[in-house]
file start13.cif (mmCIF, C-alpha atoms)
data_my_file
loop_
_atom_site.label_atom_id
_atom_site.label_comp_id
_atom_site.auth_asym_id
_atom_site.auth_seq_id
_atom_site.Cartn_x
_atom_site.Cartn_y
_atom_site.Cartn_z
CA MET D 248 23.38 4.82 -61.37
CA PHE D 249 21.81 5.72 -58.05
CA PRO D 250 24.47 4.88 -55.42
CA ASN D 251 22.69 6.65 -52.58
CA LEU D 252 19.12 5.61 -53.33
CA PHE D 253 18.96 2.86 -50.72
CA PRO D 254 20.05 3.00 -47.07
CA THR D 255 23.70 2.47 -46.24
CA PRO D 256 24.55 -0.50 -44.01
CA ASN D 257 24.17 1.57 -40.84
CA GLY D 258 20.70 2.62 -41.87
CA GLN D 259 21.37 6.33 -41.41
CA GLN D 260 21.24 7.64 -45.00
CA PHE D 261 18.59 7.75 -47.68
CA GLY D 262 19.96 9.57 -50.67
CA SER D 263 21.48 12.72 -49.18
CA LEU D 264 18.91 12.99 -46.34
CA PRO D 265 19.38 11.63 -42.81
CA VAL D 266 16.87 8.95 -41.89
CA MET D 267 15.49 8.30 -38.39
CA PRO D 268 16.25 4.72 -37.29
CA ILE D 269 13.28 2.35 -37.55
CA GLN D 270 13.35 1.71 -33.78
CA ALA D 271 13.17 5.44 -33.01
CA MET D 272 10.31 5.87 -35.48
CA THR D 273 8.42 3.02 -33.80
CA GLN D 274 8.98 4.46 -30.33
CA GLN D 275 7.72 7.86 -31.41
CA ALA D 276 4.65 6.39 -33.10
CA THR D 277 3.72 4.28 -30.09
CA ARG D 278 4.64 6.81 -27.38
CA HIS D 279 1.08 8.03 -26.80
CA ALA D 280 0.01 4.44 -26.13
CA ARG D 281 3.01 3.63 -23.93
CA ARG D 282 2.54 6.49 -21.47
CA VAL D 283 0.28 6.52 -18.41
CA TYR D 284 -0.83 9.45 -16.30
CA VAL D 285 -0.24 9.12 -12.53
CA GLY D 286 -2.02 11.72 -10.42
CA GLY D 287 -2.18 12.58 -6.73
CA LEU D 288 1.55 12.15 -6.08
CA PRO D 289 2.90 13.14 -2.64
CA PRO D 290 5.32 16.12 -2.52
CA SER D 291 8.26 13.80 -1.81
CA ALA D 292 7.91 11.99 -5.16
CA ASN D 293 10.66 12.33 -7.74
CA GLU D 294 11.47 10.75 -11.11
CA GLN D 295 13.68 8.06 -9.61
CA THR D 296 11.27 6.96 -6.86
CA VAL D 297 8.33 6.84 -9.28
CA ALA D 298 10.30 4.88 -11.91
CA THR D 299 11.65 2.40 -9.35
CA TYR D 300 8.28 1.91 -7.65
CA PHE D 301 6.26 1.29 -10.81
CA SER D 302 8.93 -1.00 -12.27
CA GLN D 303 8.86 -3.08 -9.09
CA VAL D 304 5.07 -3.13 -8.96
CA MET D 305 4.78 -4.16 -12.60
CA ALA D 306 7.17 -7.04 -11.96
CA ALA D 307 5.25 -8.06 -8.82
CA ILE D 308 1.89 -8.35 -10.62
CA GLY D 309 3.36 -10.15 -13.62
CA GLY D 310 2.76 -7.16 -15.90
CA ASN D 311 6.20 -7.20 -17.57
CA THR D 312 5.54 -8.69 -21.00
CA ALA D 313 8.50 -7.18 -22.89
CA GLY D 314 11.06 -9.41 -21.20
CA PRO D 315 13.41 -8.99 -18.24
CA GLY D 316 14.37 -5.55 -16.97
CA ASP D 317 12.47 -2.47 -15.82
CA ALA D 318 9.10 -1.74 -17.41
CA VAL D 319 9.52 2.04 -16.94
CA VAL D 320 11.83 3.81 -19.39
CA ASN D 321 11.10 7.45 -18.59
CA VAL D 322 9.25 9.63 -16.06
CA TYR D 323 8.23 13.28 -16.25
CA ILE D 324 6.87 14.92 -13.08
CA ASN D 325 4.93 18.15 -12.73
CA HIS D 326 5.67 18.90 -9.07
CA GLU D 327 3.32 21.87 -8.93
CA LYS D 328 0.29 19.86 -10.01
CA LYS D 329 1.51 16.61 -8.42
CA PHE D 330 1.22 14.34 -11.43
CA ALA D 331 3.60 12.36 -13.64
CA PHE D 332 3.72 10.81 -17.08
CA VAL D 333 5.26 7.35 -16.82
CA GLU D 334 6.50 5.89 -20.09
CA MET D 335 6.56 2.10 -20.41
CA ARG D 336 8.63 -0.10 -22.73
CA SER D 337 5.64 -1.45 -24.60
CA VAL D 338 2.00 -0.75 -25.34
CA GLU D 339 0.96 -3.97 -23.59
CA GLU D 340 2.82 -3.02 -20.41
CA ALA D 341 1.17 0.41 -20.42
CA SER D 342 -2.23 -1.29 -20.66
CA ASN D 343 -1.32 -3.59 -17.77
CA ALA D 344 -0.34 -0.53 -15.72
CA MET D 345 -3.92 0.74 -16.01
CA ALA D 346 -4.90 -1.98 -13.51
CA LEU D 347 -2.86 -0.13 -10.85
CA ASP D 348 -5.39 2.66 -10.36
CA GLY D 349 -5.68 3.38 -6.64
CA ILE D 350 -2.38 1.73 -5.69
CA ILE D 351 -0.65 3.11 -2.59
CA PHE D 352 2.50 5.11 -3.36
CA GLU D 353 4.40 6.47 -0.34
CA GLY D 354 1.32 6.17 1.86
CA ALA D 355 -1.28 7.67 -0.50
CA PRO D 356 -3.49 6.24 -3.28
CA VAL D 357 -2.66 7.53 -6.75
CA LYS D 358 -4.75 7.75 -9.91
CA VAL D 359 -3.54 5.85 -12.95
CA ARG D 360 -5.15 7.00 -16.20
CA ARG D 361 -4.53 7.32 -19.91
CA PRO D 362 -2.92 10.66 -20.88
CA SER D 363 -4.95 13.25 -22.78
CA ASP D 364 -3.10 12.55 -26.06
CA TYR D 365 -4.05 8.86 -25.97
CA ASN D 366 -5.79 7.88 -29.20
CA PRO D 367 -7.86 4.70 -28.69
CA SER D 368 -8.40 4.04 -32.40
CA LEU D 369 -4.68 4.28 -33.20
CA ALA D 370 -3.68 2.40 -30.04
CA ALA D 371 -5.95 -0.52 -30.94
CA ALA D 372 -3.63 -1.41 -33.80
CA LEU D 373 -0.50 -1.23 -31.63
CA GLY D 374 -1.29 -3.75 -28.92
CA PRO D 375 -3.78 -4.72 -26.17
CA SER D 376 -5.77 -1.78 -24.83
CA GLN D 377 -6.99 -3.53 -21.67
CA PRO D 378 -4.98 -5.00 -18.75
CA SER D 379 -4.30 -8.71 -18.84
CA ALA D 380 -6.84 -10.81 -16.95
CA ASN D 381 -3.97 -12.82 -15.44
CA LEU D 382 -2.33 -10.02 -13.44
CA ASN D 383 -1.66 -10.87 -9.78
CA LEU D 384 -3.03 -7.63 -8.33
CA ALA D 385 -3.33 -9.16 -4.86
CA ALA D 386 0.48 -9.12 -4.69
CA VAL D 387 0.36 -5.32 -4.35
CA GLY D 388 -2.78 -5.04 -2.21
CA LEU D 389 -5.27 -4.48 -5.04
CA ASN D 390 -8.34 -6.69 -5.09
CA PRO D 391 -10.65 -5.52 -7.90
CA GLY D 392 -14.14 -6.91 -7.71
CA SER D 393 -13.50 -8.97 -4.57
CA SER D 394 -14.86 -6.68 -1.91
CA GLY D 395 -18.50 -6.14 -2.65
CA GLY D 396 -18.79 -3.00 -4.78
CA LEU D 397 -15.53 -1.31 -3.85
CA GLU D 398 -14.93 0.16 -7.30
CA GLY D 399 -16.05 3.51 -8.65
CA PRO D 400 -15.79 7.19 -7.72
CA ASP D 401 -17.23 6.77 -4.21
CA ARG D 402 -14.57 4.36 -2.98
CA VAL D 403 -12.92 5.73 0.18
CA PHE D 404 -9.27 5.23 1.09
CA VAL D 405 -8.56 4.94 4.84
CA GLY D 406 -4.84 5.12 5.61
CA GLY D 407 -2.71 5.55 8.70
CA LEU D 408 -4.49 2.80 10.63
CA PRO D 409 -2.56 1.41 13.61
CA TYR D 410 -1.57 -2.16 12.74
CA TYR D 411 -3.28 -3.56 15.82
CA PHE D 412 -6.72 -2.18 14.87
CA THR D 413 -9.07 -5.09 14.21
CA GLU D 414 -11.55 -5.16 11.35
CA PRO D 415 -14.61 -4.80 13.64
CA GLN D 416 -13.04 -1.75 15.33
CA ILE D 417 -12.33 -0.05 12.01
CA ARG D 418 -15.80 -0.79 10.70
CA GLU D 419 -17.35 0.59 13.89
CA LEU D 420 -15.49 3.84 13.38
CA LEU D 421 -16.47 4.15 9.72
CA GLU D 422 -20.08 3.18 10.33
CA SER D 423 -20.54 6.23 12.55
CA PHE D 424 -21.65 7.89 9.31
CA GLY D 425 -23.82 5.12 7.91
CA ALA D 426 -23.90 1.53 6.77
CA LEU D 427 -21.15 0.27 4.49
CA ARG D 428 -21.82 -1.36 1.14
CA GLY D 429 -18.30 -2.76 1.01
CA PHE D 430 -15.20 -2.87 3.18
CA ASP D 431 -11.71 -4.26 2.62
CA LEU D 432 -8.91 -4.17 5.20
CA VAL D 433 -5.74 -4.77 3.17
CA ARG D 434 -3.59 -7.50 4.70
CA ASP D 435 -0.16 -8.92 4.06
CA ARG D 436 -0.64 -11.86 1.71
CA GLU D 437 1.76 -14.13 3.62
CA THR D 438 1.18 -13.22 7.27
CA GLY D 439 -2.43 -12.03 7.18
CA ASN D 440 -1.49 -9.00 9.28
CA SER D 441 -3.00 -5.59 8.55
CA LYS D 442 -0.96 -3.35 6.24
CA GLY D 443 -2.40 -0.24 7.88
CA TYR D 444 -4.93 0.84 5.28
CA ALA D 445 -8.39 -0.08 4.02
CA PHE D 446 -11.05 0.81 1.46
CA CYS D 447 -14.78 1.19 1.89
CA VAL D 448 -17.92 2.37 0.12
CA TYR D 449 -20.99 3.73 1.92
CA GLN D 450 -24.47 2.52 1.04
CA ASP D 451 -25.60 6.15 1.00
CA VAL D 452 -22.90 7.77 -1.14
CA ALA D 453 -24.13 11.22 -0.09
CA VAL D 454 -22.29 10.83 3.24
CA THR D 455 -18.94 10.07 1.59
CA ASP D 456 -17.51 13.62 1.63
CA VAL D 457 -18.79 14.25 5.16
CA ALA D 458 -17.13 11.08 6.44
CA CYS D 459 -13.85 11.93 4.70
CA ALA D 460 -13.79 15.47 6.08
CA ALA D 461 -14.65 14.37 9.63
CA LEU D 462 -12.22 11.45 9.85
CA ASN D 463 -9.25 12.84 7.94
CA GLY D 464 -6.42 14.00 10.20
CA ILE D 465 -7.66 12.32 13.38
CA LYS D 466 -4.88 11.12 15.69
CA MET D 467 -5.08 7.44 16.60
CA GLY D 468 -2.19 6.54 18.92
CA ASP D 469 1.01 7.45 17.09
CA LYS D 470 -0.76 7.45 13.72
CA THR D 471 -2.76 10.09 11.83
CA LEU D 472 -5.68 8.95 9.69
CA THR D 473 -5.75 9.82 5.99
CA VAL D 474 -9.32 9.48 4.73
CA ARG D 475 -10.38 10.59 1.25
CA ARG D 476 -11.94 9.45 -1.99
CA ALA D 477 -9.51 6.90 -3.39
CA ASN D 478 -9.67 8.07 -6.99
CA GLN D 479 -10.20 11.80 -6.62
CA GLY D 480 -7.76 12.97 -3.93
CA SER D 481 -9.05 15.14 -1.10
CA SER D 482 -12.50 16.71 -1.41
CA GLN D 483 -14.49 19.25 0.46
CA PRO D 484 -18.13 18.93 1.58
CA ARG D 485 -20.65 21.11 -0.18
CA PRO D 486 -22.02 24.18 1.65
CA GLU D 487 -25.32 22.45 2.40
CA GLN D 488 -23.35 19.70 4.17
CA GLU D 489 -21.57 22.00 6.62
CA SER D 490 -24.10 21.63 9.44
CA VAL D 491 -24.12 17.87 8.94
CA LEU D 492 -20.33 17.88 9.06
CA LEU D 493 -20.22 19.86 12.29
CA HIS D 494 -22.59 17.42 14.00
CA ALA D 495 -20.63 14.49 12.58
CA GLN D 496 -17.34 15.84 13.88
CA GLN D 497 -18.81 16.19 17.36
CA GLN D 498 -20.08 12.63 17.24
CA ILE D 499 -16.86 11.24 15.84
CA ALA D 500 -14.85 12.96 18.58
CA ILE D 501 -16.83 11.01 21.15
CA GLN D 502 -16.48 7.83 19.10
CA VAL D 503 -12.71 8.24 18.85
CA ILE D 504 -12.35 8.75 22.59
CA MET D 505 -14.34 5.58 23.23
CA LEU D 506 -12.35 3.66 20.63
CA ARG D 507 -9.04 4.79 22.11
CA LEU D 508 -10.15 3.60 25.54
CA MET D 509 -11.16 0.24 24.08
CA LEU D 510 -7.86 -0.07 22.23
CA GLN D 511 -5.72 0.36 25.32
CA PRO D 512 -5.53 -3.20 26.63
CA PRO D 513 -4.62 -3.66 30.28
CA ALA D 514 -0.94 -4.19 31.01
CA THR D 515 0.08 -7.86 31.04
CA LYS D 516 3.32 -9.81 31.30
CA VAL D 517 3.28 -10.50 27.55
CA VAL D 518 4.19 -8.08 24.75
CA CYS D 519 3.41 -8.68 21.09
CA LEU D 520 5.66 -7.11 18.42
CA THR D 521 4.69 -6.69 14.76
CA GLN D 522 6.62 -5.34 11.75
CA VAL D 523 9.76 -7.08 13.05
CA VAL D 524 10.33 -10.23 10.97
CA THR D 525 9.43 -11.42 7.48
CA VAL D 526 8.14 -14.80 6.38
CA ASP D 527 11.25 -15.48 4.28
CA GLU D 528 13.51 -14.89 7.29
CA LEU D 529 11.50 -17.37 9.35
CA ARG D 530 11.82 -20.17 6.78
CA ASP D 531 15.59 -20.43 7.05
CA ASP D 532 16.66 -22.40 10.15
CA ASP D 533 19.94 -20.59 10.68
CA GLU D 534 18.38 -17.18 10.19
CA TYR D 535 15.53 -18.11 12.53
CA GLU D 536 17.94 -19.10 15.32
CA GLU D 537 19.89 -15.88 14.81
CA ILE D 538 16.71 -13.80 15.06
CA MET D 539 15.65 -15.70 18.17
CA GLU D 540 19.01 -15.08 19.86
CA ASP D 541 19.02 -11.39 18.91
CA MET D 542 15.50 -11.01 20.24
CA ARG D 543 16.39 -12.68 23.57
CA THR D 544 19.43 -10.43 23.98
CA GLU D 545 17.59 -7.22 23.16
CA SER D 546 14.43 -8.04 25.13
CA SER D 547 16.37 -8.99 28.27
CA LYS D 548 17.44 -5.36 28.63
CA PHE D 549 13.96 -4.42 29.83
CA GLY D 550 13.41 -7.02 32.56
CA THR D 551 13.55 -10.70 33.42
CA LEU D 552 12.59 -12.52 30.23
CA VAL D 553 10.76 -15.82 30.71
CA SER D 554 10.11 -16.93 27.13
CA VAL D 555 10.13 -15.83 23.50
CA VAL D 556 7.80 -17.20 20.84
CA ILE D 557 8.25 -16.45 17.13
CA PRO D 558 5.71 -18.45 15.09
CA ARG D 559 7.02 -19.95 11.84
CA PRO D 560 5.28 -20.87 8.56
CA GLN D 561 4.19 -24.46 8.00
CA LEU D 562 6.61 -26.78 6.17
CA ASP D 563 4.32 -26.77 3.14
CA GLY D 564 4.65 -22.98 2.96
CA SER D 565 1.18 -22.16 4.26
CA ALA D 566 0.77 -19.49 6.91
CA SER D 567 0.46 -20.28 10.61
CA PRO D 568 -1.37 -18.17 13.22
CA GLY D 569 0.83 -15.33 14.39
CA VAL D 570 3.47 -15.56 11.65
CA GLY D 571 5.23 -12.21 11.44
CA LYS D 572 4.78 -11.50 15.15
CA VAL D 573 7.12 -11.86 18.12
CA PHE D 574 5.80 -12.63 21.62
CA LEU D 575 7.83 -11.74 24.72
CA GLU D 576 6.86 -13.07 28.16
CA TYR D 577 8.34 -11.32 31.20
CA ALA D 578 8.40 -12.35 34.86
CA GLY D 579 6.38 -9.29 35.81
CA VAL D 580 4.25 -6.52 34.34
CA ASP D 581 7.00 -3.95 34.92
CA GLY D 582 9.36 -5.72 32.53
CA ALA D 583 6.65 -5.98 29.87
CA THR D 584 5.74 -2.31 30.34
CA ASN D 585 9.38 -1.30 29.89
CA ALA D 586 9.66 -3.46 26.76
CA ARG D 587 6.51 -2.02 25.22
CA ALA D 588 7.68 1.54 25.84
CA GLY D 589 11.21 0.82 24.66
CA MET D 590 10.37 -1.08 21.47
CA ASN D 591 7.22 0.61 20.20
CA GLY D 592 8.06 2.90 17.30
CA ARG D 593 11.65 1.69 16.88
CA LYS D 594 12.94 1.06 13.36
CA PHE D 595 13.73 -2.56 12.52
CA GLY D 596 14.78 -3.46 8.99
CA GLY D 597 13.26 -0.21 7.72
CA ASN D 598 9.90 -0.88 9.40
CA GLU D 599 8.42 0.81 12.44
CA VAL D 600 7.87 -1.73 15.21
CA VAL D 601 4.45 -1.85 16.89
CA ALA D 602 4.46 -3.16 20.48
CA VAL D 603 1.24 -3.91 22.38
CA PHE D 604 0.30 -5.89 25.47
CA TYR D 605 -1.06 -9.37 24.72
CA PRO D 606 -3.60 -11.32 26.79
CA GLU D 607 -1.79 -13.82 29.00
CA ASN D 608 -4.52 -16.45 28.73
CA LYS D 609 -4.28 -16.47 24.94
CA TYR D 610 -0.47 -16.64 25.06
CA TYR D 611 -0.47 -19.59 27.46
CA ALA D 612 -3.08 -21.35 25.31
CA GLY D 613 -0.87 -20.96 22.24
CA GLU D 614 -3.36 -18.67 20.51
CA TYR D 615 -1.20 -16.27 18.51
CA ASP D 616 -3.69 -14.91 16.01
CA GLY D 617 -5.11 -12.14 18.21
#
call {"tool": "encode", "arguments": {"input": "start13.cif", "output": "structure tokens"}}
result
Amino acid sequence: MFPNLFPTPNGQQFGSLPVMPIQAMTQQATRHARRVYVGGLPPSANEQTVATYFSQVMAAIGGNTAGPGDAVVNVYINHEKKFAFVEMRSVEEASNAMALDGIIFEGAPVKVRRPSDYNPSLAAALGPSQPSANLNLAAVGLNPGSSGGLEGPDRVFVGGLPYYFTEPQIRELLESFGALRGFDLVRDRETGNSKGYAFCVYQDVAVTDVACAALNGIKMGDKTLTVRRANQGSSQPRPEQESVLLHAQQQIAIQVIMLRLMLQPPATKVVCLTQVVTVDELRDDDEYEEIMEDMRTESSKFGTLVSVVIPRPQLDGSASPGVGKVFLEYAGVDGATNARAGMNGRKFGGNEVVAVFYPENKYYAGEYDG
């Protein structure tokens, strides 16, 4: 009697009216809870780079709960206002993405928030509203709660740090404005080497904007510092802080000059290279020998090469001092000077090589963790 009352086998008809597929209805209903807002994007960002990056990061932290494949299904970017809406496959994955607030994208920290149309009461019935407690955030350089009060609106991002800056040297620079309540130099999880950026919080949060304004844009070797509030983008000091800022900039200029002098080690016969090899490459015997031979051939172009040392990981997989670095010993200082000048800043495997002189006494003693 009613041949068209129920859906046809393809599920597209209900009576004489077209019906939206159940899957599409579900996606539409959950969309507000599957999207995240990403703010503070650099001008170079586009839909493809954002989608690829966040899919890779979600996989790295173990945030993909909807199965294999990319977590990101769609990206919309507002280039003028430098933000994006990133749509995830599932509500749970969107909640896991909220743990990525402050992550570094193309050299700058970005804000990860819920969009304005997010409805907490409706979302609560669709899936978890908080990130999983089992996410491996350390895999992407995020260490929530592990650095002594480094969360909150007064957290400062310090980027563009030369890789050879030590933690005491960075702290000394930052503490020109006051004592720190927390500090975290982000390091490579496998090698322990600096990744070129850090976070800090001042004990007196009133100096935060002054410190950011005074330090941001300072040239340190071939790098330029990026210093700003991690979760709020760049900020300007208030009018009443202008005189304080002027004095601070004068003081920091002196501090930077002194730091640069300290960071220029005397020329030696040994050069240390970083950003050249990865831990995985060093584990494979054949690949290791190939790297060693390539390094001997290339390094010999600059002078008489005496020895090459490329530390390898332990057999049990644990890190060894100096893993990720290459040490070149030359017969004289001239050869080492030529090698440092010729290799520093060169691209190797997509990374920019950093070449610095290394103390001969430490090299001869087998101390490679300097």
call {"tool": "residues_around", "arguments": {"input": "start13.cif", "residues": "range 553-565 of chain D", "least_positions_apart": "2", "cutoff": "6 Å", "atoms": "only C-alpha atoms", "output": "PyMOL selection string"}}
result
chain D and resi 529+567+569-570+573-578
call {"tool": "write_last_selection", "arguments": {"input": "start13.cif", "atoms": "C-alpha atoms", "output": "PDB file, keeping the file's coordinate frame"}}
result
ATOM      1  CA  LEU D 529      11.500 -17.370   9.350  1.00  0.00           C
ATOM      2  CA  SER D 567       0.460 -20.280  10.610  1.00  0.00           C
ATOM      3  CA  GLY D 569       0.830 -15.330  14.390  1.00  0.00           C
ATOM      4  CA  VAL D 570       3.470 -15.560  11.650  1.00  0.00           C
ATOM      5  CA  VAL D 573       7.120 -11.860  18.120  1.00  0.00           C
ATOM      6  CA  PHE D 574       5.800 -12.630  21.620  1.00  0.00           C
ATOM      7  CA  LEU D 575       7.830 -11.740  24.720  1.00  0.00           C
ATOM      8  CA  GLU D 576       6.860 -13.070  28.160  1.00  0.00           C
ATOM      9  CA  TYR D 577       8.340 -11.320  31.200  1.00  0.00           C
ATOM     10  CA  ALA D 578       8.400 -12.350  34.860  1.00  0.00           C
TER      11      ALA D 578
END
call {"tool": "closest_residue", "arguments": {"input": "start13.cif", "among": "D:Glu339, D:Asp616, D:Asp364, D:Glu528", "to": "His279 in chain D", "atoms": "only C-alpha atoms"}}
result
D:Asp364
call {"tool": "resolve_selection", "arguments": {"input": "start13.cif", "expression": "the PyMOL selection byres ((chain D and resi 584) around 10)", "output": "compact mmCIF listing (two decimals) with C-alpha atoms, in the coordinates of the input"}}
result
# COMPACT_ATOMS: atom_id res chain seq x y z
CA ALA D 514 -0.94 -4.19 31.01
CA THR D 515 0.08 -7.86 31.04
CA LYS D 516 3.32 -9.81 31.30
CA VAL D 517 3.28 -10.50 27.55
CA VAL D 518 4.19 -8.08 24.75
CA PHE D 549 13.96 -4.42 29.83
CA GLY D 550 13.41 -7.02 32.56
CA TYR D 577 8.34 -11.32 31.20
CA GLY D 579 6.38 -9.29 35.81
CA VAL D 580 4.25 -6.52 34.34
CA ASP D 581 7.00 -3.95 34.92
CA GLY D 582 9.36 -5.72 32.53
CA ALA D 583 6.65 -5.98 29.87
CA ASN D 585 9.38 -1.30 29.89
CA ALA D 586 9.66 -3.46 26.76
CA ARG D 587 6.51 -2.02 25.22
CA ALA D 588 7.68 1.54 25.84
CA GLY D 589 11.21 0.82 24.66
CA ALA D 602 4.46 -3.16 20.48
CA VAL D 603 1.24 -3.91 22.38
CA PHE D 604 0.30 -5.89 25.47
call {"tool": "resolve_selection", "arguments": {"input": "start13.cif", "expression": "the PyMOL selection byres ((chain D and resi 406-411) around 9)", "output": "number ranges by chain"}}
result
D: 354-355, 404-405, 412-413, 417, 440-446, 467-475, 510, 521-522, 601, 603
call {"tool": "atom_distance", "arguments": {"input": "start13.cif", "atom1": "CA of Ile308 in chain D", "atom2": "CA of Arg434 in chain D"}}
result
16.3 Å
call {"tool": "closest_residue", "arguments": {"input": "start13.cif", "among": "D:Ala370, D:Ala298, D:Ile324, D:Val285", "to": "Met345 in chain D", "atoms": "all atoms listed in the file"}}
result
D:Val285
call {"tool": "atom_distance", "arguments": {"input": "start13.cif", "atom1": "CA of Gln295 in chain D", "atom2": "CA of Pro315 in chain D"}}
result
19.1 Å
